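Peer 1: The structure follows.
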Amino acid sequence: MLKSTTTTITGGGGAATSFTTTTLLTAIFLSIFLLTTSFTPKSTYHSLFTSFSDNTSISHNLFSLTRRPHVAGTQANADTAAYVLSTLASYTLRSHITSYHVSLTYPLSRTLILTRSPPDDTSITKFDLRQEIYAGDPYADVAGEVLPTFHAYAKSGTTAGQVVYVNYGRVEDYVTLKAMGVNVSGNIALARYGQIFRGDIVRHAYDAGAVAVVVFSDTKDYGGGGGEGARWFPDDKWMPPSGVQVGTVYGGTGDPTTPGWTSTSGCERLSVDEVELRGELPLIPSLPVSAADGDAIIRSIGGQVAGDDWQGGINAPVYRVGPGPGFLNLSYTGNQVIATIQNVFGVIKGSEEPDRFVLLGNHRDAWTFGAVDPNSGTAALLEVARRLGKLKKRGWRPRRTIVFCNWDAEEYGLVGSTEWVEENREMLASRVVAYLNVDCAVSGAGFHASATPQLDELLKQAAQQVQDPDNSSQTMYDSWIGSDDSSKIGRLGGGGSDYAPFIQHVGVPSVDMFYGGAYPVYHSMYDDFEWMKKFGDPTFHRHVAVASIWGLVALRLADEEFLPFNYLSYAQELQESTKKFEDEVSSKGISLLPLYKSIDKLKKSAIKINKQIKVIQESRVWPSLWKRDHLEVREMNDRLMMAERAFTDRDGLVGRSWYKHLVYGPSKHDDYGSKSFPGIDDAIEKAKILNTAESWHSVQHEIWRVARAITDVSLVLGGELT
Ligand SMILES: [Zn+2]
């Protein structure tokens with residue numbers, strides 16, 4: 001929906017207080033007024049923004065960014081930083097690079113040897129751990145620059161043991177193994193990718209006593225199911241049998257040697273032992289392997305047959321759990337170095353509130369070529385910047401400052417964004433209106449968005465203004481939300497991308513969005529421009545759509561006089577999340593009443609501020625349109641902006657104090673999993689295991705803590721001291 005004329009014209013800023021009230025004159029004046037570019041209503045610019053789309057420029061930028069593999073800390077990635085910097089500058093944005101010195105790891109050596117069961121089968125396989133180049137691969141000449149397959153921050157070491165198959169490596173999988181009487185301790189766990197964060201796969205294996213972990217991409221999940229006539233990239237979108245998903249196994253956020261502070265040259269750093277004590281780095285070695293190698297290892301395992309949902313795809317062997325007789329020797333050596341990384345920024349200064357920031361963020365570093373992850377997002381970011389540059393040429397200036405952020409070293413553990421957030425924490429806490437993240441912009445069809453709930457309405461409205469890239473007769477809104485309005489917008493509890501430091505550490509209202517979702521060649525050598533052109537987005541119209549909705553949301557946040565935040569949706573959402581706990585706690589004498597009461601207060605404050613804003617808007621009777629009430633407007637906006645911060649707590653989540661937000665934070669057992677009220681959830685999980693009065697009492701304590709935070713939010717939003 002477009003905003004009313006009243007607010008838009010005020011946004012254009014007019015000093016003409018002396019014109020007459022004659023209707024005719026007013027009409028003539030207004031016509032001239034609107035024709036003059038410098039006074040074009042903001043909504044006109046917003047419509048122009050979508051009309052400026054250009055899929056060829058997006059495809060060109062993506063091609064240029066993905067010519068070579070560009071892992072964080074390498075020269076190749078410094079080159080992509082220079083590319084983004086100069087491209088932003090060419091779109092007339094003021095741009096700069098901010099560097100950090102961070103602890104990253106690269107693989108030095110790895111070996112994996114499988115010994116089968118003598119005397120029946122004495123064959124030994126030394127896996128070559130190599131992703132194959134296919135005939136006609138246009139990237140064959142630079143494939144040698146792809147890093148050997150590894151897990152970032154994996155523990156270095158040499159181990160050996162019989163293999164135990166642990167399915168997806170979830171907590172419940174180990175419960176199943178225990179019930180089957182299978183001993184994991186002292187053995188090497190073979191897990192498959194696809195359900196939880198790989199760092200949690202390694203941690204759960206360690207908790208079960210495994211000495212190392214091998215993680216494979218099962219054909220069932222990544223190879224199209226297998227069977228006769230199975231095809232894979234470049235003939236189909238599926239992962240080739242030699243494809244390997246690399247990635248980090250670090251469970252924390254930011255440089256592990258500088259927890260909570262900025263990684264600059266010569267700064268204080270934790271020692272190796274101190275880092276290990278924090279429990280966020282893996283304590284046993286691990287290696288990722290291909291579907292083909294996983295299949296070979298599976299075939300060496302005997303013992304009980306695994307359950308149906310533990311089995312493989314069509315034509316796969318029968319999966320058994322072991323242990324053994326297949327026996328693995330695994331060794332891995334990583335090289336831990338202090339590397340230089342580059343965050344790139346582009347700024348369009350606000351004309352009326354330059355000290356209020358709307359941030360758009362995407363990371364640039366990739367495990368390989370990064371056509372989907374993350375440079376589809378970088379290409380979309382540059383597209384937004386290009387279109388805003390064109391708007392600037394037509395006379396548009398945002399009311400608030402817009403900052404484009406292009407992060408480095410996200411893949412290692414949100415390192416670039418986290419270091420910057422830690423360095424600028426106070427400025428961000430007092431001045432940022434919202435953070436809008438896009439990691440992988442496109443990996444296929446189907447739009448998905450997650451947000452803090454005060455932004456739900458805005459997202460839906462923006463989707464109504466963008467054409468569906470896969471069906472030109474409807475809007476993105478029609479295909480995304482359609483007739484069923486319930487729970488289509490996800491939440492930001494998970495740790496999957498750069499929104500985490502903003503929402504979970506500082507409490508900045510945030511959004512994350514993408515087309516597609518999980519895709520088979522994720523974090524492998526085959527995530528390249530060819531794959532995108534053939535399977536991800538052949539016409540680049542999905543990229544166009546992401547840029548359009550991303551830019552429209554940013555434009556409205558930057559230009560609207562009153563921030564388009566609706567805290568009634570937030571209260572509604574909190575109420576629903578609270579209800580989910582009822583079954584689990586009611587029989588334990590735990591009361592959710594403090595939470596319900598605080599949510600009620602939040603509702604009242606939300607209604608109050610919505611009314612106050614309406615009063616200000618309606619008091620501007622034409623033609624006293626130019627009555628300046630800046631301070632009143634600013635006060636409303638400050639309350640809307642700062643309310644989210646009050647969800648954060650100085651002490652943070654128990655045992656994970658970097659996570660300050662008490663409503664949205666990662667699940668303890670899966671960093672990708674999004675949980676509401678993670679502190680209450682952690683306490684319940686713990687109490688279910690311990691089942692002591694004390695453990696259930698701590699559940700009640702966590703409920704009180706969250707209730708107090710929500711009460712704080714309602715006080716900030718209400719704007720009055722007690
Ligand atoms: Zn990414």
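Ordering of the structure tokens sets the chain letters (A, B, ...), residue numbers begin anew at 1 in every chain, and ligands are numbered from 1 in the order given.
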Taking the DSSP secondary structure from the backbone, can you list the residues of range 104-224 of chain A that are helix (DSSP H, G or I), as a PyMOL selection string?
Peer 2: chain A and resi 140-145+171-179+198-207+219-222
Peer 1: Please identify every polymer residue within 9 Å of ligand 1, using only C-alpha atoms and all ligand atoms, and present the set as a ChimeraX atom specification.
Peer 2: /A:362-367,370,372-375,377,410-411,438-440,496-498,523
Peer 1: Write out as a short mmCIF file (atom, residue, chain, number, x, y, z; two decimals) with all heavy atoms, in the first residue's frame all residues of range 273-406 of chain A that backbone DSSP assigns to strand (DSSP E).
Peer 2:
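What landed in states37.cif:
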```cif
data_model
loop_
_atom_site.label_atom_id
_atom_site.label_comp_id
_atom_site.auth_asym_id
_atom_site.auth_seq_id
_atom_site.Cartn_x
_atom_site.Cartn_y
_atom_site.Cartn_z
N SER A 286 36.89 -34.10 12.22
CA SER A 286 35.78 -34.48 11.33
C SER A 286 36.18 -34.20 9.90
O SER A 286 37.06 -33.37 9.63
CB SER A 286 34.52 -33.69 11.69
OG SER A 286 34.71 -32.31 11.47
N LEU A 287 35.53 -34.90 8.98
CA LEU A 287 35.75 -34.69 7.56
C LEU A 287 34.43 -34.84 6.82
O LEU A 287 33.64 -35.74 7.13
CB LEU A 287 36.70 -35.76 6.99
CG LEU A 287 38.21 -35.53 7.01
CD1 LEU A 287 38.89 -36.72 6.34
CD2 LEU A 287 38.59 -34.24 6.29
N PRO A 288 34.18 -33.96 5.83
CA PRO A 288 33.01 -34.16 4.98
C PRO A 288 33.40 -35.06 3.80
O PRO A 288 34.53 -34.94 3.31
CB PRO A 288 32.71 -32.75 4.49
CG PRO A 288 34.05 -32.06 4.45
CD PRO A 288 34.91 -32.71 5.50
N VAL A 289 32.52 -35.95 3.36
CA VAL A 289 32.82 -36.76 2.18
C VAL A 289 31.65 -36.79 1.22
O VAL A 289 30.54 -36.35 1.55
CB VAL A 289 33.24 -38.22 2.55
CG1 VAL A 289 34.47 -38.25 3.44
CG2 VAL A 289 32.08 -38.98 3.19
N PHE A 327 36.43 -50.29 9.21
CA PHE A 327 37.33 -49.60 10.13
C PHE A 327 37.96 -48.42 9.40
O PHE A 327 38.44 -48.54 8.29
CB PHE A 327 38.41 -50.60 10.58
CG PHE A 327 39.28 -50.09 11.69
CD1 PHE A 327 38.96 -50.35 13.02
CD2 PHE A 327 40.46 -49.37 11.41
CE1 PHE A 327 39.77 -49.89 14.05
CE2 PHE A 327 41.26 -48.90 12.43
CZ PHE A 327 40.92 -49.16 13.75
N LEU A 328 37.94 -47.25 10.02
CA LEU A 328 38.47 -46.05 9.37
C LEU A 328 39.71 -45.51 10.09
O LEU A 328 39.76 -45.51 11.33
CB LEU A 328 37.42 -44.94 9.35
CG LEU A 328 36.28 -45.04 8.33
CD1 LEU A 328 35.24 -43.95 8.59
CD2 LEU A 328 36.81 -44.94 6.89
N ASN A 329 40.67 -45.10 9.30
CA ASN A 329 41.78 -44.29 9.82
C ASN A 329 41.57 -42.90 9.25
O ASN A 329 41.49 -42.73 8.04
CB ASN A 329 43.12 -44.82 9.32
CG ASN A 329 43.51 -46.09 10.03
OD1 ASN A 329 42.95 -47.15 9.75
ND2 ASN A 329 44.45 -45.98 10.96
N LEU A 330 41.49 -41.92 10.14
CA LEU A 330 41.21 -40.56 9.70
C LEU A 330 42.26 -39.62 10.27
O LEU A 330 42.59 -39.70 11.46
CB LEU A 330 39.81 -40.16 10.19
CG LEU A 330 39.26 -38.77 9.89
CD1 LEU A 330 37.73 -38.80 9.90
CD2 LEU A 330 39.74 -37.69 10.85
N SER A 331 42.81 -38.78 9.41
CA SER A 331 43.66 -37.74 9.97
C SER A 331 43.39 -36.42 9.28
O SER A 331 43.09 -36.37 8.09
CB SER A 331 45.13 -38.15 9.92
OG SER A 331 45.72 -37.65 8.78
N TYR A 332 43.46 -35.38 10.08
CA TYR A 332 43.21 -34.04 9.53
C TYR A 332 44.14 -33.05 10.21
O TYR A 332 44.33 -33.09 11.43
CB TYR A 332 41.75 -33.61 9.78
CG TYR A 332 41.54 -32.14 9.45
CD1 TYR A 332 41.48 -31.73 8.12
CD2 TYR A 332 41.48 -31.17 10.45
CE1 TYR A 332 41.36 -30.38 7.80
CE2 TYR A 332 41.35 -29.82 10.13
CZ TYR A 332 41.29 -29.44 8.81
OH TYR A 332 41.18 -28.11 8.49
N THR A 333 44.76 -32.19 9.41
CA THR A 333 45.54 -31.10 9.98
C THR A 333 45.06 -29.80 9.38
O THR A 333 45.04 -29.64 8.15
CB THR A 333 47.05 -31.26 9.68
OG1 THR A 333 47.43 -32.60 9.98
CG2 THR A 333 47.87 -30.30 10.52
N GLY A 334 44.65 -28.89 10.22
CA GLY A 334 44.23 -27.58 9.76
C GLY A 334 45.31 -26.54 10.07
O GLY A 334 46.13 -26.74 10.96
N ASN A 335 45.29 -25.48 9.32
CA ASN A 335 46.26 -24.41 9.53
C ASN A 335 45.50 -23.19 10.04
O ASN A 335 44.72 -22.58 9.31
CB ASN A 335 46.95 -24.10 8.19
CG ASN A 335 48.06 -23.09 8.36
OD1 ASN A 335 48.56 -22.91 9.47
ND2 ASN A 335 48.43 -22.43 7.26
N GLN A 336 45.70 -22.86 11.31
CA GLN A 336 44.99 -21.73 11.90
C GLN A 336 45.84 -20.48 11.70
O GLN A 336 46.99 -20.43 12.15
CB GLN A 336 44.76 -21.99 13.39
CG GLN A 336 43.88 -20.96 14.05
CD GLN A 336 42.64 -21.59 14.68
OE1 GLN A 336 42.46 -22.80 14.61
NE2 GLN A 336 41.80 -20.79 15.28
N VAL A 337 45.28 -19.47 11.04
CA VAL A 337 46.05 -18.25 10.76
C VAL A 337 45.22 -17.01 11.11
O VAL A 337 44.00 -17.08 11.21
CB VAL A 337 46.45 -18.14 9.27
CG1 VAL A 337 47.36 -19.29 8.87
CG2 VAL A 337 45.22 -18.11 8.38
N ILE A 338 45.92 -15.89 11.30
CA ILE A 338 45.22 -14.62 11.42
C ILE A 338 45.18 -14.03 10.00
O ILE A 338 46.22 -13.72 9.42
CB ILE A 338 45.93 -13.65 12.38
CG1 ILE A 338 46.02 -14.25 13.79
CG2 ILE A 338 45.21 -12.30 12.41
CD1 ILE A 338 44.70 -14.44 14.51
N ALA A 339 43.97 -13.93 9.46
CA ALA A 339 43.81 -13.47 8.08
C ALA A 339 43.12 -12.11 8.06
O ALA A 339 42.42 -11.75 9.01
CB ALA A 339 42.98 -14.48 7.30
N THR A 340 43.32 -11.39 6.96
CA THR A 340 42.65 -10.09 6.80
C THR A 340 41.38 -10.29 5.99
O THR A 340 41.41 -10.92 4.94
CB THR A 340 43.58 -9.09 6.08
OG1 THR A 340 44.80 -9.04 6.79
CG2 THR A 340 42.95 -7.71 6.03
N ILE A 341 40.28 -9.77 6.51
CA ILE A 341 39.01 -9.85 5.77
C ILE A 341 38.49 -8.44 5.51
O ILE A 341 38.87 -7.49 6.21
CB ILE A 341 37.95 -10.68 6.53
CG1 ILE A 341 37.65 -10.06 7.91
CG2 ILE A 341 38.40 -12.13 6.67
CD1 ILE A 341 36.39 -10.61 8.56
N GLN A 342 37.62 -8.33 4.50
CA GLN A 342 37.13 -7.01 4.09
C GLN A 342 35.61 -6.95 4.07
O GLN A 342 34.98 -7.68 3.31
CB GLN A 342 37.63 -6.66 2.68
CG GLN A 342 39.13 -6.49 2.54
CD GLN A 342 39.83 -7.79 2.17
OE1 GLN A 342 39.19 -8.76 1.80
NE2 GLN A 342 41.15 -7.81 2.27
N ASN A 343 35.03 -6.08 4.88
CA ASN A 343 33.61 -5.74 4.72
C ASN A 343 33.55 -4.50 3.83
O ASN A 343 34.32 -3.56 4.02
CB ASN A 343 32.97 -5.39 6.07
CG ASN A 343 32.86 -6.59 7.00
OD1 ASN A 343 32.84 -7.74 6.56
ND2 ASN A 343 32.77 -6.32 8.30
N VAL A 344 32.63 -4.52 2.85
CA VAL A 344 32.50 -3.37 1.95
C VAL A 344 31.17 -2.66 2.24
O VAL A 344 30.15 -3.32 2.44
CB VAL A 344 32.53 -3.81 0.47
CG1 VAL A 344 32.59 -2.60 -0.45
CG2 VAL A 344 33.70 -4.74 0.20
N PHE A 345 31.21 -1.34 2.26
CA PHE A 345 30.00 -0.56 2.56
C PHE A 345 29.72 0.47 1.47
O PHE A 345 30.66 1.04 0.90
CB PHE A 345 30.16 0.18 3.90
CG PHE A 345 30.33 -0.75 5.07
CD1 PHE A 345 31.61 -1.12 5.48
CD2 PHE A 345 29.24 -1.28 5.73
CE1 PHE A 345 31.78 -2.00 6.54
CE2 PHE A 345 29.40 -2.15 6.79
CZ PHE A 345 30.67 -2.52 7.20
N GLY A 346 28.45 0.71 1.22
CA GLY A 346 28.03 1.79 0.33
C GLY A 346 26.96 2.59 1.07
O GLY A 346 26.07 1.99 1.69
N VAL A 347 27.07 3.91 1.04
CA VAL A 347 26.19 4.73 1.87
C VAL A 347 25.43 5.76 1.03
O VAL A 347 26.01 6.41 0.16
CB VAL A 347 27.02 5.48 2.96
CG1 VAL A 347 26.12 6.33 3.84
CG2 VAL A 347 27.83 4.48 3.80
N ILE A 348 24.12 5.89 1.29
CA ILE A 348 23.34 7.01 0.75
C ILE A 348 22.83 7.78 1.95
O ILE A 348 22.01 7.29 2.74
CB ILE A 348 22.16 6.54 -0.11
CG1 ILE A 348 22.65 5.62 -1.25
CG2 ILE A 348 21.41 7.73 -0.69
CD1 ILE A 348 21.53 5.01 -2.07
N GLU A 353 17.02 12.73 8.40
CA GLU A 353 17.47 12.05 9.61
C GLU A 353 18.73 11.23 9.27
O GLU A 353 18.69 10.00 9.27
CB GLU A 353 16.38 11.13 10.17
CG GLU A 353 15.12 11.85 10.58
CD GLU A 353 14.14 10.91 11.29
OE1 GLU A 353 14.38 10.58 12.47
OE2 GLU A 353 13.18 10.48 10.65
N PRO A 354 19.83 11.93 8.98
CA PRO A 354 21.04 11.21 8.56
C PRO A 354 21.58 10.28 9.64
O PRO A 354 22.32 9.36 9.35
CB PRO A 354 22.04 12.34 8.26
CG PRO A 354 21.51 13.54 8.97
CD PRO A 354 20.02 13.39 9.00
N ASP A 355 21.18 10.51 10.89
CA ASP A 355 21.67 9.66 11.99
C ASP A 355 20.75 8.49 12.28
O ASP A 355 20.85 7.86 13.33
CB ASP A 355 21.85 10.51 13.25
CG ASP A 355 20.53 11.10 13.74
OD1 ASP A 355 19.59 11.21 12.91
OD2 ASP A 355 20.42 11.43 14.93
N ARG A 356 19.84 8.17 11.37
CA ARG A 356 19.03 6.96 11.50
C ARG A 356 19.38 6.08 10.31
O ARG A 356 19.40 6.55 9.17
CB ARG A 356 17.53 7.30 11.50
CG ARG A 356 17.08 7.99 12.79
CD ARG A 356 17.22 7.03 13.98
NE ARG A 356 16.90 7.65 15.26
CZ ARG A 356 17.81 8.19 16.08
NH1 ARG A 356 19.09 8.22 15.73
NH2 ARG A 356 17.44 8.69 17.25
N PHE A 357 19.67 4.79 10.59
CA PHE A 357 20.22 3.92 9.54
C PHE A 357 19.29 2.76 9.19
O PHE A 357 18.78 2.08 10.07
CB PHE A 357 21.56 3.32 10.00
CG PHE A 357 22.58 4.35 10.38
CD1 PHE A 357 23.17 4.34 11.64
CD2 PHE A 357 22.97 5.33 9.48
CE1 PHE A 357 24.12 5.28 12.00
CE2 PHE A 357 23.93 6.28 9.82
CZ PHE A 357 24.50 6.26 11.09
N VAL A 358 19.14 2.54 7.89
CA VAL A 358 18.50 1.32 7.39
C VAL A 358 19.61 0.52 6.72
O VAL A 358 20.26 1.01 5.80
CB VAL A 358 17.38 1.66 6.38
CG1 VAL A 358 16.81 0.38 5.77
CG2 VAL A 358 16.30 2.48 7.05
N LEU A 359 19.85 -0.70 7.20
CA LEU A 359 20.97 -1.49 6.69
C LEU A 359 20.48 -2.64 5.81
O LEU A 359 19.54 -3.35 6.17
CB LEU A 359 21.77 -2.10 7.85
CG LEU A 359 22.20 -1.19 9.01
CD1 LEU A 359 22.98 -2.01 10.04
CD2 LEU A 359 23.05 -0.04 8.51
N LEU A 360 21.14 -2.79 4.66
CA LEU A 360 20.91 -3.96 3.82
C LEU A 360 22.20 -4.77 3.82
O LEU A 360 23.27 -4.20 3.54
CB LEU A 360 20.59 -3.57 2.37
CG LEU A 360 19.28 -2.84 2.09
CD1 LEU A 360 19.44 -1.36 2.30
CD2 LEU A 360 18.80 -3.12 0.67
N GLY A 361 22.14 -6.06 4.15
CA GLY A 361 23.37 -6.83 4.28
C GLY A 361 23.34 -8.15 3.53
O GLY A 361 22.30 -8.78 3.39
N ASN A 362 24.54 -8.52 3.05
CA ASN A 362 24.72 -9.80 2.35
C ASN A 362 26.20 -10.13 2.47
O ASN A 362 27.04 -9.24 2.50
CB ASN A 362 24.34 -9.63 0.87
CG ASN A 362 25.14 -10.56 -0.04
OD1 ASN A 362 26.17 -10.16 -0.58
ND2 ASN A 362 24.69 -11.77 -0.21
N HIS A 363 26.55 -11.43 2.55
CA HIS A 363 27.98 -11.73 2.59
C HIS A 363 28.53 -12.02 1.20
O HIS A 363 27.77 -12.28 0.26
CB HIS A 363 28.30 -12.83 3.60
CG HIS A 363 27.96 -14.23 3.20
ND1 HIS A 363 28.86 -15.07 2.60
CD2 HIS A 363 26.83 -14.96 3.34
CE1 HIS A 363 28.31 -16.26 2.41
NE2 HIS A 363 27.07 -16.22 2.85
N ARG A 400 16.09 8.85 5.73
CA ARG A 400 17.11 8.29 6.64
C ARG A 400 18.26 7.72 5.81
O ARG A 400 18.11 7.48 4.62
CB ARG A 400 16.48 7.18 7.50
CG ARG A 400 15.27 7.66 8.28
CD ARG A 400 14.64 6.58 9.15
NE ARG A 400 13.49 7.16 9.83
CZ ARG A 400 12.25 7.17 9.32
NH1 ARG A 400 11.99 6.60 8.15
NH2 ARG A 400 11.26 7.75 9.97
N THR A 401 19.38 7.48 6.45
CA THR A 401 20.56 6.98 5.75
C THR A 401 20.41 5.49 5.43
O THR A 401 19.99 4.71 6.27
CB THR A 401 21.82 7.22 6.61
OG1 THR A 401 22.00 8.64 6.75
CG2 THR A 401 23.06 6.62 5.98
N ILE A 402 20.76 5.14 4.18
CA ILE A 402 20.72 3.73 3.76
C ILE A 402 22.17 3.24 3.65
O ILE A 402 23.01 3.89 3.04
CB ILE A 402 20.00 3.59 2.40
CG1 ILE A 402 18.53 3.98 2.55
CG2 ILE A 402 20.14 2.16 1.87
CD1 ILE A 402 17.74 3.96 1.25
N VAL A 403 22.45 2.10 4.29
CA VAL A 403 23.81 1.56 4.24
C VAL A 403 23.79 0.15 3.65
O VAL A 403 23.06 -0.72 4.14
CB VAL A 403 24.44 1.50 5.66
CG1 VAL A 403 25.89 1.02 5.57
CG2 VAL A 403 24.37 2.85 6.36
N PHE A 404 24.55 -0.04 2.58
CA PHE A 404 24.73 -1.37 1.99
C PHE A 404 25.93 -2.02 2.66
O PHE A 404 27.01 -1.41 2.72
CB PHE A 404 24.99 -1.25 0.49
CG PHE A 404 23.78 -0.80 -0.27
CD1 PHE A 404 23.49 0.55 -0.40
CD2 PHE A 404 22.92 -1.73 -0.85
CE1 PHE A 404 22.36 0.98 -1.09
CE2 PHE A 404 21.79 -1.31 -1.53
CZ PHE A 404 21.50 0.03 -1.66
N CYS A 405 25.75 -3.24 3.19
CA CYS A 405 26.83 -3.92 3.89
C CYS A 405 27.14 -5.22 3.17
O CYS A 405 26.24 -6.04 2.98
CB CYS A 405 26.42 -4.27 5.32
SG CYS A 405 25.58 -2.95 6.22
N ASN A 406 28.39 -5.39 2.76
CA ASN A 406 28.78 -6.62 2.09
C ASN A 406 29.83 -7.32 2.94
O ASN A 406 30.99 -6.93 2.98
CB ASN A 406 29.31 -6.27 0.68
CG ASN A 406 29.60 -7.50 -0.13
OD1 ASN A 406 30.65 -7.61 -0.75
ND2 ASN A 406 28.70 -8.45 -0.15
#
```
Peer 1: Measure the distance from CA of Val654 in chain A to CA of Glu423 in chain A in Å and round it to one decimal.
Peer 2: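 Result for CA of Val654 in chain A versus CA of Glu423 in chain A: 23.7 Å, one decimal.
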Peer 1: Which neighbours of range 528-540 of chain A fall inside 10 Å, counting only C-alpha atoms, when residues of the same chain fewer than 4 positions from it are skipped, and could you give them as a count of residues only?
Peer 2: 44
Peer 1: If you count only C-alpha atoms, which residues fall within 7 Å of Ile710 in chain A, apart from same-chain ones fewer than 6 positions away, as a ChimeraX atom specification?
Peer 2: /A:598-599,602,647
Peer 1: Let me make sure I understand: among A:Ala449, A:Leu381, A:Leu112, A:Leu147, which one has the smallest atom-to-atom distance to Met476 in chain A if we use only C-alpha atoms?
Peer 2: A:Ala449
Peer 1: In Å, how far is it from CA of Tyr153 in chain A to CA of Gly199 in chain A?
Peer 2: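 Taking CA of Tyr153 in chain A and CA of Gly199 in chain A, their separation equals 9.7 Å.
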Peer 1: Give me, as a list in words, all polymer residues having an atom no more than 9 Å from Ser265 in chain A, counting only C-alpha atoms and skipping those fewer than 5 positions away in the same chain.
Peer 2: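 Neighbouring residues, sequence-local ones excluded: Tyr100, His101 and Val102 of chain A.
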Peer 1: Output N, CA and C atoms of each residue in that selection to a file, as a CSV table (one decimal), in the first residue's frame.
Peer 2:
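Contents of the output file selection.csv:
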```csv
chain,number,residue,atom,x,y,z
A,100,TYR,N,39.2,-6.4,9.0
A,100,TYR,CA,39.5,-7.0,10.4
A,100,TYR,C,40.5,-8.1,10.2
A,101,HIS,N,41.2,-8.4,11.4
A,101,HIS,CA,42.2,-9.4,11.4
A,101,HIS,C,41.6,-10.6,12.2
A,102,VAL,N,41.3,-11.6,11.6
A,102,VAL,CA,40.5,-12.7,12.3
A,102,VAL,C,41.2,-14.1,12.1
```
Peer 1: So which residues touch Glu685 in chain A within 12 Å, counting only C-alpha atoms, skipping near sequence neighbours fewer than 6 positions away, as a PyMOL selection string?
Peer 2: chain A and resi 171+581+584-585+667-669+678-679+691+695-696+698-699
Peer 1: Between A:Val244, A:Leu592, A:Ala683, A:Val384, which is the closest to His151 in chain A once you count only C-alpha atoms?
Peer 2: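 Once distances to His151 in chain A are computed over only C-alpha atoms, the minimum belongs to A:Val244.
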Peer 1: Any idea what's packed within 7 Å of Lys660 in chain A, counting only C-alpha atoms, ignoring anything in its chain fewer than 4 positions away? Could you give it as a PyMOL selection string?
Peer 2: chain A and resi 504-505+648-653
